[in-house]
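Enquirer: run24.pdb (PDB, C-alpha atoms and all ligand atoms) pasted underneath:
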```pdb
ATOM      1  CA  MET A 193      29.174  -0.935  80.715
ATOM      2  CA  LYS A 194      26.261   0.941  82.303
ATOM      3  CA  THR A 195      26.320   4.671  83.074
ATOM      4  CA  VAL A 196      24.952   6.515  86.090
ATOM      5  CA  LEU A 197      24.485  10.278  86.318
ATOM      6  CA  ILE A 198      24.453  11.469  89.929
ATOM      7  CA  THR A 199      23.582  15.079  90.710
ATOM      8  CA  GLY A 200      25.392  16.634  93.671
ATOM      9  CA  ALA A 201      28.002  13.887  93.747
ATOM     10  CA  SER A 202      31.006  15.972  94.838
ATOM     11  CA  ARG A 203      30.524  15.144  98.526
ATOM     12  CA  GLY A 204      28.285  13.547 101.150
ATOM     13  CA  ILE A 205      25.580  11.103 100.076
ATOM     14  CA  GLY A 206      26.125  11.719  96.337
ATOM     15  CA  GLU A 207      29.831  10.918  96.669
ATOM     16  CA  ALA A 208      29.017   7.647  98.480
ATOM     17  CA  ILE A 209      26.545   6.750  95.719
ATOM     18  CA  ALA A 210      29.215   7.477  93.085
ATOM     19  CA  ARG A 211      31.696   5.214  94.897
ATOM     20  CA  LYS A 212      29.128   2.408  95.189
ATOM     21  CA  PHE A 213      28.255   2.446  91.468
ATOM     22  CA  ALA A 214      31.896   2.731  90.353
ATOM     23  CA  ALA A 215      32.860  -0.202  92.592
ATOM     24  CA  ASN A 216      30.146  -2.141  90.757
ATOM     25  CA  LYS A 217      31.544  -1.269  87.339
ATOM     26  CA  TYR A 218      29.350   1.651  86.300
ATOM     27  CA  ASN A 219      30.725   4.617  84.391
ATOM     28  CA  VAL A 220      29.918   7.672  86.511
ATOM     29  CA  ALA A 221      28.979  11.267  85.650
ATOM     30  CA  ILE A 222      29.675  13.282  88.802
ATOM     31  CA  ASN A 223      27.669  16.496  88.852
ATOM     32  CA  TYR A 224      28.636  19.408  91.132
ATOM     33  CA  VAL A 225      27.928  23.132  91.241
ATOM     34  CA  ASN A 226      30.776  24.650  93.321
ATOM     35  CA  SER A 227      33.172  21.892  94.440
ATOM     36  CA  LYS A 228      35.186  21.518  91.207
ATOM     37  CA  ALA A 229      38.369  20.251  92.874
ATOM     38  CA  LYS A 230      36.510  17.682  94.991
ATOM     39  CA  ALA A 231      34.496  16.419  92.036
ATOM     40  CA  GLU A 232      37.588  16.098  89.836
ATOM     41  CA  LYS A 233      39.553  14.347  92.588
ATOM     42  CA  LEU A 234      36.670  11.895  93.039
ATOM     43  CA  ALA A 235      36.553  11.264  89.279
ATOM     44  CA  ASP A 236      40.299  10.442  89.363
ATOM     45  CA  GLU A 237      39.825   8.067  92.277
ATOM     46  CA  LEU A 238      36.864   6.284  90.688
ATOM     47  CA  SER A 239      38.831   5.705  87.486
ATOM     48  CA  ARG A 240      40.952   3.264  89.499
ATOM     49  CA  TYR A 241      37.959   0.889  89.487
ATOM     50  CA  GLY A 242      38.523   0.519  85.737
ATOM     51  CA  VAL A 243      35.490   2.649  84.894
ATOM     52  CA  ARG A 244      35.177   6.077  83.271
ATOM     53  CA  ALA A 245      34.287   8.869  85.673
ATOM     54  CA  VAL A 246      33.841  12.512  84.681
ATOM     55  CA  ALA A 247      33.031  15.598  86.748
ATOM     56  CA  ILE A 248      30.460  17.921  85.123
ATOM     57  CA  ARG A 249      29.494  21.331  86.501
ATOM     58  CA  ALA A 250      25.830  22.377  86.389
ATOM     59  CA  ASP A 251      23.348  24.108  88.640
ATOM     60  CA  VAL A 252      20.444  21.665  88.383
ATOM     61  CA  GLY A 253      18.014  24.372  89.462
ATOM     62  CA  ASP A 254      18.662  26.165  86.181
ATOM     63  CA  SER A 255      16.732  24.402  83.412
ATOM     64  CA  VAL A 256      19.290  25.377  80.751
ATOM     65  CA  GLN A 257      22.184  23.993  82.802
ATOM     66  CA  ALA A 258      20.230  20.810  83.616
ATOM     67  CA  LYS A 259      19.705  20.318  79.880
ATOM     68  CA  LEU A 260      23.426  20.822  79.190
ATOM     69  CA  LEU A 261      24.348  18.405  82.001
ATOM     70  CA  VAL A 262      22.323  15.622  80.392
ATOM     71  CA  LYS A 263      23.532  16.540  76.881
ATOM     72  CA  GLN A 264      27.200  16.456  77.981
ATOM     73  CA  THR A 265      26.721  13.149  79.818
ATOM     74  CA  LEU A 266      25.130  11.583  76.738
ATOM     75  CA  GLU A 267      27.915  12.940  74.504
ATOM     76  CA  ILE A 268      30.584  11.432  76.764
ATOM     77  CA  PHE A 269      28.985   8.081  77.627
ATOM     78  CA  GLY A 270      26.434   7.511  74.844
ATOM     79  CA  LYS A 271      23.604   6.651  77.240
ATOM     80  CA  ILE A 272      22.339   7.136  80.781
ATOM     81  CA  ASP A 273      21.069   3.930  82.408
ATOM     82  CA  VAL A 274      20.534   5.398  85.862
ATOM     83  CA  LEU A 275      19.825   8.944  87.033
ATOM     84  CA  VAL A 276      20.143   9.731  90.732
ATOM     85  CA  ASN A 277      18.599  13.091  91.620
ATOM     86  CA  ASN A 278      20.551  13.755  94.799
ATOM     87  CA  ALA A 279      21.630  17.431  94.639
ATOM     88  CA  GLY A 280      20.058  19.384  97.443
ATOM     89  CA  VAL A 281      20.309  22.211  99.921
ATOM     90  CA  ALA A 282      18.829  22.518 103.419
ATOM     91  CA  LEU A 283      17.767  25.335 105.718
ATOM     92  CA  THR A 284      16.743  25.201 109.369
ATOM     93  CA  LYS A 285      14.728  28.304 110.173
ATOM     94  CA  LEU A 286      11.278  29.379 111.319
ATOM     95  CA  LEU A 287       9.154  30.148 108.259
ATOM     96  CA  ILE A 288       8.484  33.669 109.532
ATOM     97  CA  ASP A 289      12.256  34.335 109.530
ATOM     98  CA  THR A 290      12.847  32.843 106.081
ATOM     99  CA  LYS A 291      13.578  35.279 103.253
ATOM    100  CA  THR A 292      11.806  34.917  99.899
ATOM    101  CA  GLN A 293      15.141  34.246  98.217
ATOM    102  CA  GLU A 294      15.836  31.394 100.665
ATOM    103  CA  VAL A 295      12.401  29.894  99.975
ATOM    104  CA  GLU A 296      13.053  30.062  96.239
ATOM    105  CA  ASN A 297      16.533  28.559  96.537
ATOM    106  CA  LEU A 298      15.201  25.500  98.390
ATOM    107  CA  ILE A 299      12.307  24.864  96.024
ATOM    108  CA  ILE A 300      14.322  25.587  92.877
ATOM    109  CA  THR A 301      17.343  23.445  93.792
ATOM    110  CA  ASN A 302      15.594  20.505  95.450
ATOM    111  CA  LEU A 303      12.291  20.218  93.614
ATOM    112  CA  LEU A 304      12.775  21.969  90.271
ATOM    113  CA  GLY A 305      16.309  20.536  89.980
ATOM    114  CA  THR A 306      14.853  17.022  90.254
ATOM    115  CA  ILE A 307      12.093  17.805  87.753
ATOM    116  CA  TYR A 308      14.390  19.507  85.207
ATOM    117  CA  THR A 309      17.027  16.765  85.219
ATOM    118  CA  THR A 310      14.389  14.024  84.970
ATOM    119  CA  LYS A 311      12.681  15.832  82.078
ATOM    120  CA  GLU A 312      15.981  16.034  80.160
ATOM    121  CA  VAL A 313      16.939  12.408  80.777
ATOM    122  CA  LEU A 314      13.592  10.842  79.848
ATOM    123  CA  PRO A 315      13.758  11.154  76.017
ATOM    124  CA  SER A 316      16.976   9.092  75.843
ATOM    125  CA  MET A 317      15.653   6.525  78.343
ATOM    126  CA  ILE A 318      12.410   6.212  76.384
ATOM    127  CA  ASN A 319      14.464   5.769  73.224
ATOM    128  CA  ASN A 320      16.515   3.040  74.948
ATOM    129  CA  GLU A 321      13.261   1.414  76.184
ATOM    130  CA  GLY A 322      14.480   1.399  79.750
ATOM    131  CA  GLY A 323      16.105   3.238  82.600
ATOM    132  CA  ASN A 324      16.105   3.830  86.278
ATOM    133  CA  ILE A 325      15.572   7.063  88.182
ATOM    134  CA  ILE A 326      16.104   7.353  91.918
ATOM    135  CA  ASN A 327      15.163  10.570  93.675
ATOM    136  CA  VAL A 328      16.635  11.521  97.033
ATOM    137  CA  SER A 329      13.919  13.030  99.217
ATOM    138  CA  SER A 330      14.048  13.077 103.031
ATOM    139  CA  MET A 331      12.112  11.718 105.985
ATOM    140  CA  TRP A 332      10.956  15.317 106.477
ATOM    141  CA  GLY A 333       9.380  15.158 103.023
ATOM    142  CA  SER A 334       7.042  12.458 104.258
ATOM    143  CA  VAL A 335       6.325  13.583 107.827
ATOM    144  CA  GLY A 336       7.340  17.279 107.892
ATOM    145  CA  GLY A 337      10.051  18.796 110.073
ATOM    146  CA  SER A 338       9.555  21.780 112.360
ATOM    147  CA  MET A 339      11.840  24.698 111.369
ATOM    148  CA  GLU A 340      12.314  22.920 108.038
ATOM    149  CA  SER A 341       8.921  23.648 106.491
ATOM    150  CA  VAL A 342      10.174  24.823 103.104
ATOM    151  CA  TYR A 343      12.788  22.055 102.927
ATOM    152  CA  SER A 344      10.001  19.579 103.851
ATOM    153  CA  ALA A 345       7.769  21.039 101.116
ATOM    154  CA  SER A 346      10.530  20.689  98.516
ATOM    155  CA  LYS A 347      11.122  17.076  99.557
ATOM    156  CA  GLY A 348       7.391  16.276  99.771
ATOM    157  CA  GLY A 349       7.110  17.568  96.212
ATOM    158  CA  ILE A 350       9.785  15.071  95.167
ATOM    159  CA  ILE A 351       7.710  12.244  96.679
ATOM    160  CA  ALA A 352       4.563  13.285  94.749
ATOM    161  CA  PHE A 353       6.615  13.805  91.572
ATOM    162  CA  THR A 354       8.150  10.315  91.909
ATOM    163  CA  LYS A 355       4.742   8.674  92.251
ATOM    164  CA  ALA A 356       3.235  10.592  89.329
ATOM    165  CA  ILE A 357       6.099  10.290  86.846
ATOM    166  CA  SER A 358       6.506   6.560  87.575
ATOM    167  CA  LYS A 359       2.967   6.087  86.214
ATOM    168  CA  GLU A 360       3.774   8.161  83.137
ATOM    169  CA  VAL A 361       6.906   6.245  82.111
ATOM    170  CA  GLY A 362       6.321   2.700  83.403
ATOM    171  CA  LEU A 363       5.281   1.362  79.993
ATOM    172  CA  SER A 364       8.579   2.677  78.588
ATOM    173  CA  GLY A 365      10.423   0.322  80.951
ATOM    174  CA  ILE A 366      11.541   3.113  83.261
ATOM    175  CA  ASN A 367      11.454   2.605  87.031
ATOM    176  CA  VAL A 368      11.238   5.697  89.235
ATOM    177  CA  ASN A 369      11.622   5.456  92.993
ATOM    178  CA  CYS A 370      12.356   7.706  95.900
ATOM    179  CA  VAL A 371      14.485   7.270  99.022
ATOM    180  CA  CYS A 372      13.927   9.145 102.265
ATOM    181  CA  PRO A 373      17.082   9.324 104.365
ATOM    182  CA  GLY A 374      16.966  10.117 108.062
ATOM    183  CA  VAL A 375      19.858  11.841 109.813
ATOM    184  CA  ILE A 376      22.998  11.159 107.778
ATOM    185  CA  LEU A 377      26.394  12.568 108.780
ATOM    186  CA  THR A 378      27.527  14.895 105.962
ATOM    187  CA  ASP A 379      28.310  18.607 105.539
ATOM    188  CA  MET A 380      24.527  19.162 105.543
ATOM    189  CA  THR A 381      24.291  17.979 109.163
ATOM    190  CA  SER A 382      27.641  19.416 110.294
ATOM    191  CA  ASN A 383      25.821  22.094 112.322
ATOM    192  CA  LEU A 384      24.608  19.402 114.748
ATOM    193  CA  THR A 385      26.318  19.475 118.148
ATOM    194  CA  ILE A 386      27.492  16.362 120.007
ATOM    195  CA  ASP A 387      24.410  16.744 122.249
ATOM    196  CA  ASP A 388      22.110  17.037 119.197
ATOM    197  CA  ILE A 389      23.564  13.808 117.808
ATOM    198  CA  LYS A 390      23.142  12.059 121.160
ATOM    199  CA  ASP A 391      19.438  13.098 121.214
ATOM    200  CA  LEU A 392      18.937  11.998 117.610
ATOM    201  CA  LYS A 393      20.517   8.598 118.305
ATOM    202  CA  GLU A 394      18.123   8.133 121.208
ATOM    203  CA  GLN A 395      15.170   8.861 118.888
ATOM    204  CA  THR A 396      16.410   6.311 116.332
ATOM    205  CA  SER A 397      15.332   2.661 116.714
ATOM    206  CA  LEU A 398      18.758   1.376 115.674
ATOM    207  CA  GLY A 399      20.473   3.718 118.153
ATOM    208  CA  ARG A 400      22.801   5.339 115.631
ATOM    209  CA  VAL A 401      22.788   8.090 113.053
ATOM    210  CA  GLY A 402      23.311   7.152 109.400
ATOM    211  CA  GLN A 403      26.362   7.260 107.159
ATOM    212  CA  PRO A 404      26.288   8.184 103.436
ATOM    213  CA  ALA A 405      27.014   4.532 102.582
ATOM    214  CA  ASP A 406      23.700   3.525 104.234
ATOM    215  CA  VAL A 407      21.847   5.538 101.585
ATOM    216  CA  ALA A 408      24.154   4.463  98.755
ATOM    217  CA  GLY A 409      23.352   0.787  99.432
ATOM    218  CA  LEU A 410      19.620   1.385  99.025
ATOM    219  CA  VAL A 411      20.045   3.517  95.894
ATOM    220  CA  TYR A 412      22.249   0.866  94.297
ATOM    221  CA  PHE A 413      19.722  -1.859  95.143
ATOM    222  CA  LEU A 414      16.905   0.161  93.538
ATOM    223  CA  ALA A 415      18.961   0.456  90.337
ATOM    224  CA  SER A 416      19.676  -3.286  90.281
ATOM    225  CA  GLU A 417      17.929  -6.121  88.474
ATOM    226  CA  GLU A 418      16.732  -7.427  91.867
ATOM    227  CA  ALA A 419      14.533  -4.311  92.162
ATOM    228  CA  SER A 420      13.146  -4.451  88.618
ATOM    229  CA  TYR A 421       9.516  -4.861  89.777
ATOM    230  CA  ILE A 422       9.710  -1.884  92.151
ATOM    231  CA  THR A 423       8.489   1.496  90.919
ATOM    232  CA  GLY A 424       6.649   4.513  92.324
ATOM    233  CA  THR A 425       7.730   3.639  95.858
ATOM    234  CA  VAL A 426       9.067   5.735  98.695
ATOM    235  CA  ILE A 427      11.547   3.892 100.899
ATOM    236  CA  GLY A 428      12.904   5.176 104.194
ATOM    237  CA  VAL A 429      16.541   4.736 105.165
ATOM    238  CA  ASP A 430      16.400   6.330 108.595
ATOM    239  CA  GLY A 431      17.321   3.637 111.131
ATOM    240  CA  GLY A 432      13.695   3.619 112.260
ATOM    241  CA  PHE A 433      13.554   7.331 113.159
ATOM    242  CA  ILE A 434      10.091   7.735 111.609
TER     243      ILE A 434
HETATM  244  P1  LIG A 501      25.846  17.878 101.161
HETATM  245  O1  LIG A 501      26.942  17.086 101.802
HETATM  246  O2  LIG A 501      25.588  19.272 101.572
HETATM  247  O3  LIG A 501      26.095  17.815  99.561
HETATM  248  C1  LIG A 501      25.192  18.459  98.709
HETATM  249  C2  LIG A 501      25.556  18.147  97.277
HETATM  250  O4  LIG A 501      24.583  18.784  96.419
HETATM  251  C3  LIG A 501      26.923  18.674  96.881
HETATM  252  O5  LIG A 501      27.521  17.772  95.979
HETATM  253  C4  LIG A 501      26.565  19.985  96.165
HETATM  254  O6  LIG A 501      27.521  20.369  95.180
HETATM  255  C5  LIG A 501      25.283  19.595  95.480
HETATM  256  N1  LIG A 501      24.458  20.740  95.088
HETATM  257  C6  LIG A 501      23.889  21.676  95.876
HETATM  258  N2  LIG A 501      23.200  22.573  95.128
HETATM  259  C7  LIG A 501      23.343  22.169  93.833
HETATM  260  C8  LIG A 501      22.882  22.668  92.594
HETATM  261  N3  LIG A 501      22.133  23.766  92.516
HETATM  262  N4  LIG A 501      23.234  22.005  91.464
HETATM  263  C9  LIG A 501      24.014  20.887  91.506
HETATM  264  N5  LIG A 501      24.478  20.374  92.659
HETATM  265  C10 LIG A 501      24.155  21.011  93.802
HETATM  266  O7  LIG A 501      24.451  17.137 101.344
HETATM  267  P2  LIG A 501      24.082  15.593 101.625
HETATM  268  O8  LIG A 501      23.804  15.451 103.065
HETATM  269  O9  LIG A 501      25.040  14.706 100.949
HETATM  270  O10 LIG A 501      22.649  15.557 100.898
HETATM  271  C11 LIG A 501      22.452  14.934  99.639
HETATM  272  C12 LIG A 501      20.939  14.803  99.439
HETATM  273  O11 LIG A 501      20.387  14.028 100.494
HETATM  274  C13 LIG A 501      20.202  16.149  99.457
HETATM  275  O12 LIG A 501      19.170  16.146  98.503
HETATM  276  C14 LIG A 501      19.621  16.187 100.867
HETATM  277  O13 LIG A 501      18.479  17.003 100.947
HETATM  278  C15 LIG A 501      19.299  14.734 101.092
HETATM  279  N6  LIG A 501      19.188  14.357 102.494
HETATM  280  C16 LIG A 501      20.233  14.507 103.355
HETATM  281  C17 LIG A 501      20.093  14.146 104.698
HETATM  282  C18 LIG A 501      21.201  14.281 105.696
HETATM  283  O14 LIG A 501      20.931  14.084 106.901
HETATM  284  N7  LIG A 501      22.421  14.569 105.293
HETATM  285  C19 LIG A 501      18.859  13.642 105.132
HETATM  286  C20 LIG A 501      17.815  13.500 104.229
HETATM  287  C21 LIG A 501      17.993  13.850 102.913
HETATM  288  P3  LIG A 501      28.807  21.311  95.567
HETATM  289  O15 LIG A 501      29.691  20.454  96.422
HETATM  290  O16 LIG A 501      29.396  21.639  94.246
HETATM  291  O17 LIG A 501      28.264  22.474  96.319
END
```
How does this structure look as structure tokens?
Ligand code: NAP
Expert:
Amino acid sequence: MKTVLITGASRGIGEAIARKFAANKYNVAINYVNSKAKAEKLADELSRYGVRAVAIRADVGDSVQAKLLVKQTLEIFGKIDVLVNNAGVALTKLLIDTKTQEVENLIITNLLGTIYTTKEVLPSMINNEGGNIINVSSMWGSVGGSMESVYSASKGGIIAFTKAISKEVGLSGINVNCVCPGVILTDMTSNLTIDDIKDLKEQTSLGRVGQPADVAGLVYFLASEEASYITGTVIGVDGGFI
């Protein structure tokens, strides 16, 4: 049975990705940083698919904790076939109003978290002569969002990192790709008002905002055999917003 490690899988998009992989018979390592009860409840639920699911706490923005997360996952499951770097935080603020600590938190969690976890997973994937890494960026990482400049920078960094590292590890049989969700209804977008959502729907070609399962479907496809010749790509899942 294959194993997937998903960072930030306690809720939102990460939770939907965990459900998708478990339903398709993957063992699942569910990473979280604060939501212990949610992550453990999800692990219990996923076990009903006849797979092994374990909740593991780690702040991916801390290189030591990222290392321990990968070590623990390997100890429990023996291997990691797929890594989904999904953990992330957002901030909507003018740059001039953004505190240094807020800047650091965005870059450390979103960009460094992705880099640290990837760095720790690669030796075992190289040893296994294969693996799949899918990074969750954002449409703002490719086009830039006003009042989300630091968030956009962190997500743009993930796009550049995906392209570069895919070239470094391709000959080891490792595919690395990046997905760029548009507006997806989760806790991260819970500050949007009904009017905001109406405006966003109008700006979206498909006339609706996204659900976590919309992203999970794309991530699962990228990890599948059908996508084995795809690497170093950046794929939007934004209903045509961009
Ligand atoms: P969410 O509902 O706020 O969930 C965020 C997840 O990340 C939670 O599981 C959280 O864990 C985890 N997390 C946060 N900081 C962490 C850290 N330092 N270490 C480990 N885990 C951490 O967000 P979401 O909407 O599902 O977003 C998931 C990803 O999609 C993010 O990278 C986000 O930037 C990206 N994205 C979202 C949207 C959108 O519209 N929602 C659009 C584009 C891209 P706890 O529960 O333990 O706090």
Enquirer: With distances taken over only C-alpha atoms and all ligand atoms, which residue among A:Lys359, A:Lys271, A:Lys228, A:Arg240 lies nearest ligand LIG 501 (chain A)?
Expert: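 Going through A:Lys359, A:Lys271, A:Lys228, A:Arg240 one by one, the smallest distance to ligand LIG 501 (chain A) is for A:Lys228.
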Enquirer: Select, from A:Ile366, A:Met380, A:Leu275, A:Ile351, the residue with the minimum atom-to-atom distance to ligand LIG 501 (chain A), counting only C-alpha atoms and all ligand atoms.
Expert: A:Met380
Enquirer: I need the residue nearest Ala208 (chain A) from this list: A:Leu234, A:Ala415, A:Val243, A:Val225. Use only C-alpha atoms for the distance.
Expert: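 When distances to Ala208 (chain A) are compared using only C-alpha atoms, the smallest one comes from A:Leu234.
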Enquirer: Go through A:Thr310, A:Thr385, A:Asn324, A:Thr301 and flag the residue nearest ligand LIG 501 (chain A), using all atoms listed in the file for the distances.
Expert: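 Distance minimum relative to ligand LIG 501 (chain A) lands on A:Thr301.
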Enquirer: Please check which residues have atoms at most 7 Å from (14.2, -3.5, 77.7) in the file's coordinates, counting all atoms listed in the file, and write them as a list of chain:residue names.
Expert: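 Here the neighbourhood of the point contains A:Glu321, A:Gly322, A:Gly365.
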Enquirer: Evaluate the PyMOL selection byres (((not hetatm)) within 7 of (chain A and resi 501)) here and jot the selected residues down as number ranges by chain.
Expert: A: 199-206, 223-228, 250-253, 278-282, 301-302, 328-331, 372-381
Enquirer: Could those residues be written to a file, using C-alpha atoms, as a CSV table (one decimal), in the frame of the given file?
Expert:
```csv
chain,number,residue,atom,x,y,z
A,199,THR,CA,23.6,15.1,90.7
A,200,GLY,CA,25.4,16.6,93.7
A,201,ALA,CA,28.0,13.9,93.7
A,202,SER,CA,31.0,16.0,94.8
A,203,ARG,CA,30.5,15.1,98.5
A,204,GLY,CA,28.3,13.5,101.2
A,205,ILE,CA,25.6,11.1,100.1
A,206,GLY,CA,26.1,11.7,96.3
A,223,ASN,CA,27.7,16.5,88.9
A,224,TYR,CA,28.6,19.4,91.1
A,225,VAL,CA,27.9,23.1,91.2
A,226,ASN,CA,30.8,24.6,93.3
A,227,SER,CA,33.2,21.9,94.4
A,228,LYS,CA,35.2,21.5,91.2
A,250,ALA,CA,25.8,22.4,86.4
A,251,ASP,CA,23.3,24.1,88.6
A,252,VAL,CA,20.4,21.7,88.4
A,253,GLY,CA,18.0,24.4,89.5
A,278,ASN,CA,20.6,13.8,94.8
A,279,ALA,CA,21.6,17.4,94.6
A,280,GLY,CA,20.1,19.4,97.4
A,281,VAL,CA,20.3,22.2,99.9
A,282,ALA,CA,18.8,22.5,103.4
A,301,THR,CA,17.3,23.4,93.8
A,302,ASN,CA,15.6,20.5,95.4
A,328,VAL,CA,16.6,11.5,97.0
A,329,SER,CA,13.9,13.0,99.2
A,330,SER,CA,14.0,13.1,103.0
A,331,MET,CA,12.1,11.7,106.0
A,372,CYS,CA,13.9,9.1,102.3
A,373,PRO,CA,17.1,9.3,104.4
A,374,GLY,CA,17.0,10.1,108.1
A,375,VAL,CA,19.9,11.8,109.8
A,376,ILE,CA,23.0,11.2,107.8
A,377,LEU,CA,26.4,12.6,108.8
A,378,THR,CA,27.5,14.9,106.0
A,379,ASP,CA,28.3,18.6,105.5
A,380,MET,CA,24.5,19.2,105.5
A,381,THR,CA,24.3,18.0,109.2
```
Enquirer: Exactly which residues make up the result of the PyMOL selection byres (((chain A and resi 434) around 12) and not hetatm) on this file, given as a PyMOL selection string?
Expert: chain A and resi 330-337+372-375+392+395-398+427-433
Enquirer: Given the file shown, determine the residues that the PyMOL selection byres (((chain A and resi 423) around 6) and not hetatm) selects; report them as a list in words.
Expert: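 On the file shown, the PyMOL selection byres (((chain A and resi 423) around 6) and not hetatm) covers Asn367, Val368, Asn369, Ile422, Gly424 and Thr425 of chain A.
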Enquirer: Neighbouring residues of Leu238 (chain A) were defined as those with any atom within 9 Å, considering all atoms listed in the file; residues of the same chain fewer than 3 positions away were excluded. Please report them as a ChimeraX atom specification.
Expert: /A:210-211,214-215,219-220,233-235,241-245
Enquirer: Could you give me the centre and size, in Å to one decimal, of an axis-aligned box around all listed atoms of region 405-408 of chain A with 8 Å added on every side, as JSON?
Expert:
```
{"center_x": 24.4, "center_y": 4.5, "center_z": 101.5, "size_x": 21.2, "size_y": 18.0, "size_z": 21.5}
```
Enquirer: When you look at Leu304 (chain A) with a cut-off of 10 Å (counting all atoms listed in the file), what residues show up, excluding the ones that are within fewer than 5 positions of it in the same chain? I need them as an MDAnalysis selection string.
Expert: chainID A and resid 252:255 297:299 309:310 346 349:350
Enquirer: Using all atoms listed in the file and a cutoff of 9 Å, can you tell me which residues are near (13.8, 19.2, 80.6) in the file's coordinates, and write them out as JSON, numbers by chain?
Expert: {"A": [255, 256, 258, 259, 307, 308, 309, 310, 311, 312, 313, 314]}
Enquirer: Go ahead and dump the residues you just picked, C-alpha atoms, as a tab-separated table (two decimals), keeping the file's coordinate frame.
Expert:
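That gives us selection.tsv:
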```
chain	number	residue	atom	x	y	z
A	255	SER	CA	16.73	24.40	83.41
A	256	VAL	CA	19.29	25.38	80.75
A	258	ALA	CA	20.23	20.81	83.62
A	259	LYS	CA	19.70	20.32	79.88
A	307	ILE	CA	12.09	17.80	87.75
A	308	TYR	CA	14.39	19.51	85.21
A	309	THR	CA	17.03	16.76	85.22
A	310	THR	CA	14.39	14.02	84.97
A	311	LYS	CA	12.68	15.83	82.08
A	312	GLU	CA	15.98	16.03	80.16
A	313	VAL	CA	16.94	12.41	80.78
A	314	LEU	CA	13.59	10.84	79.85
```
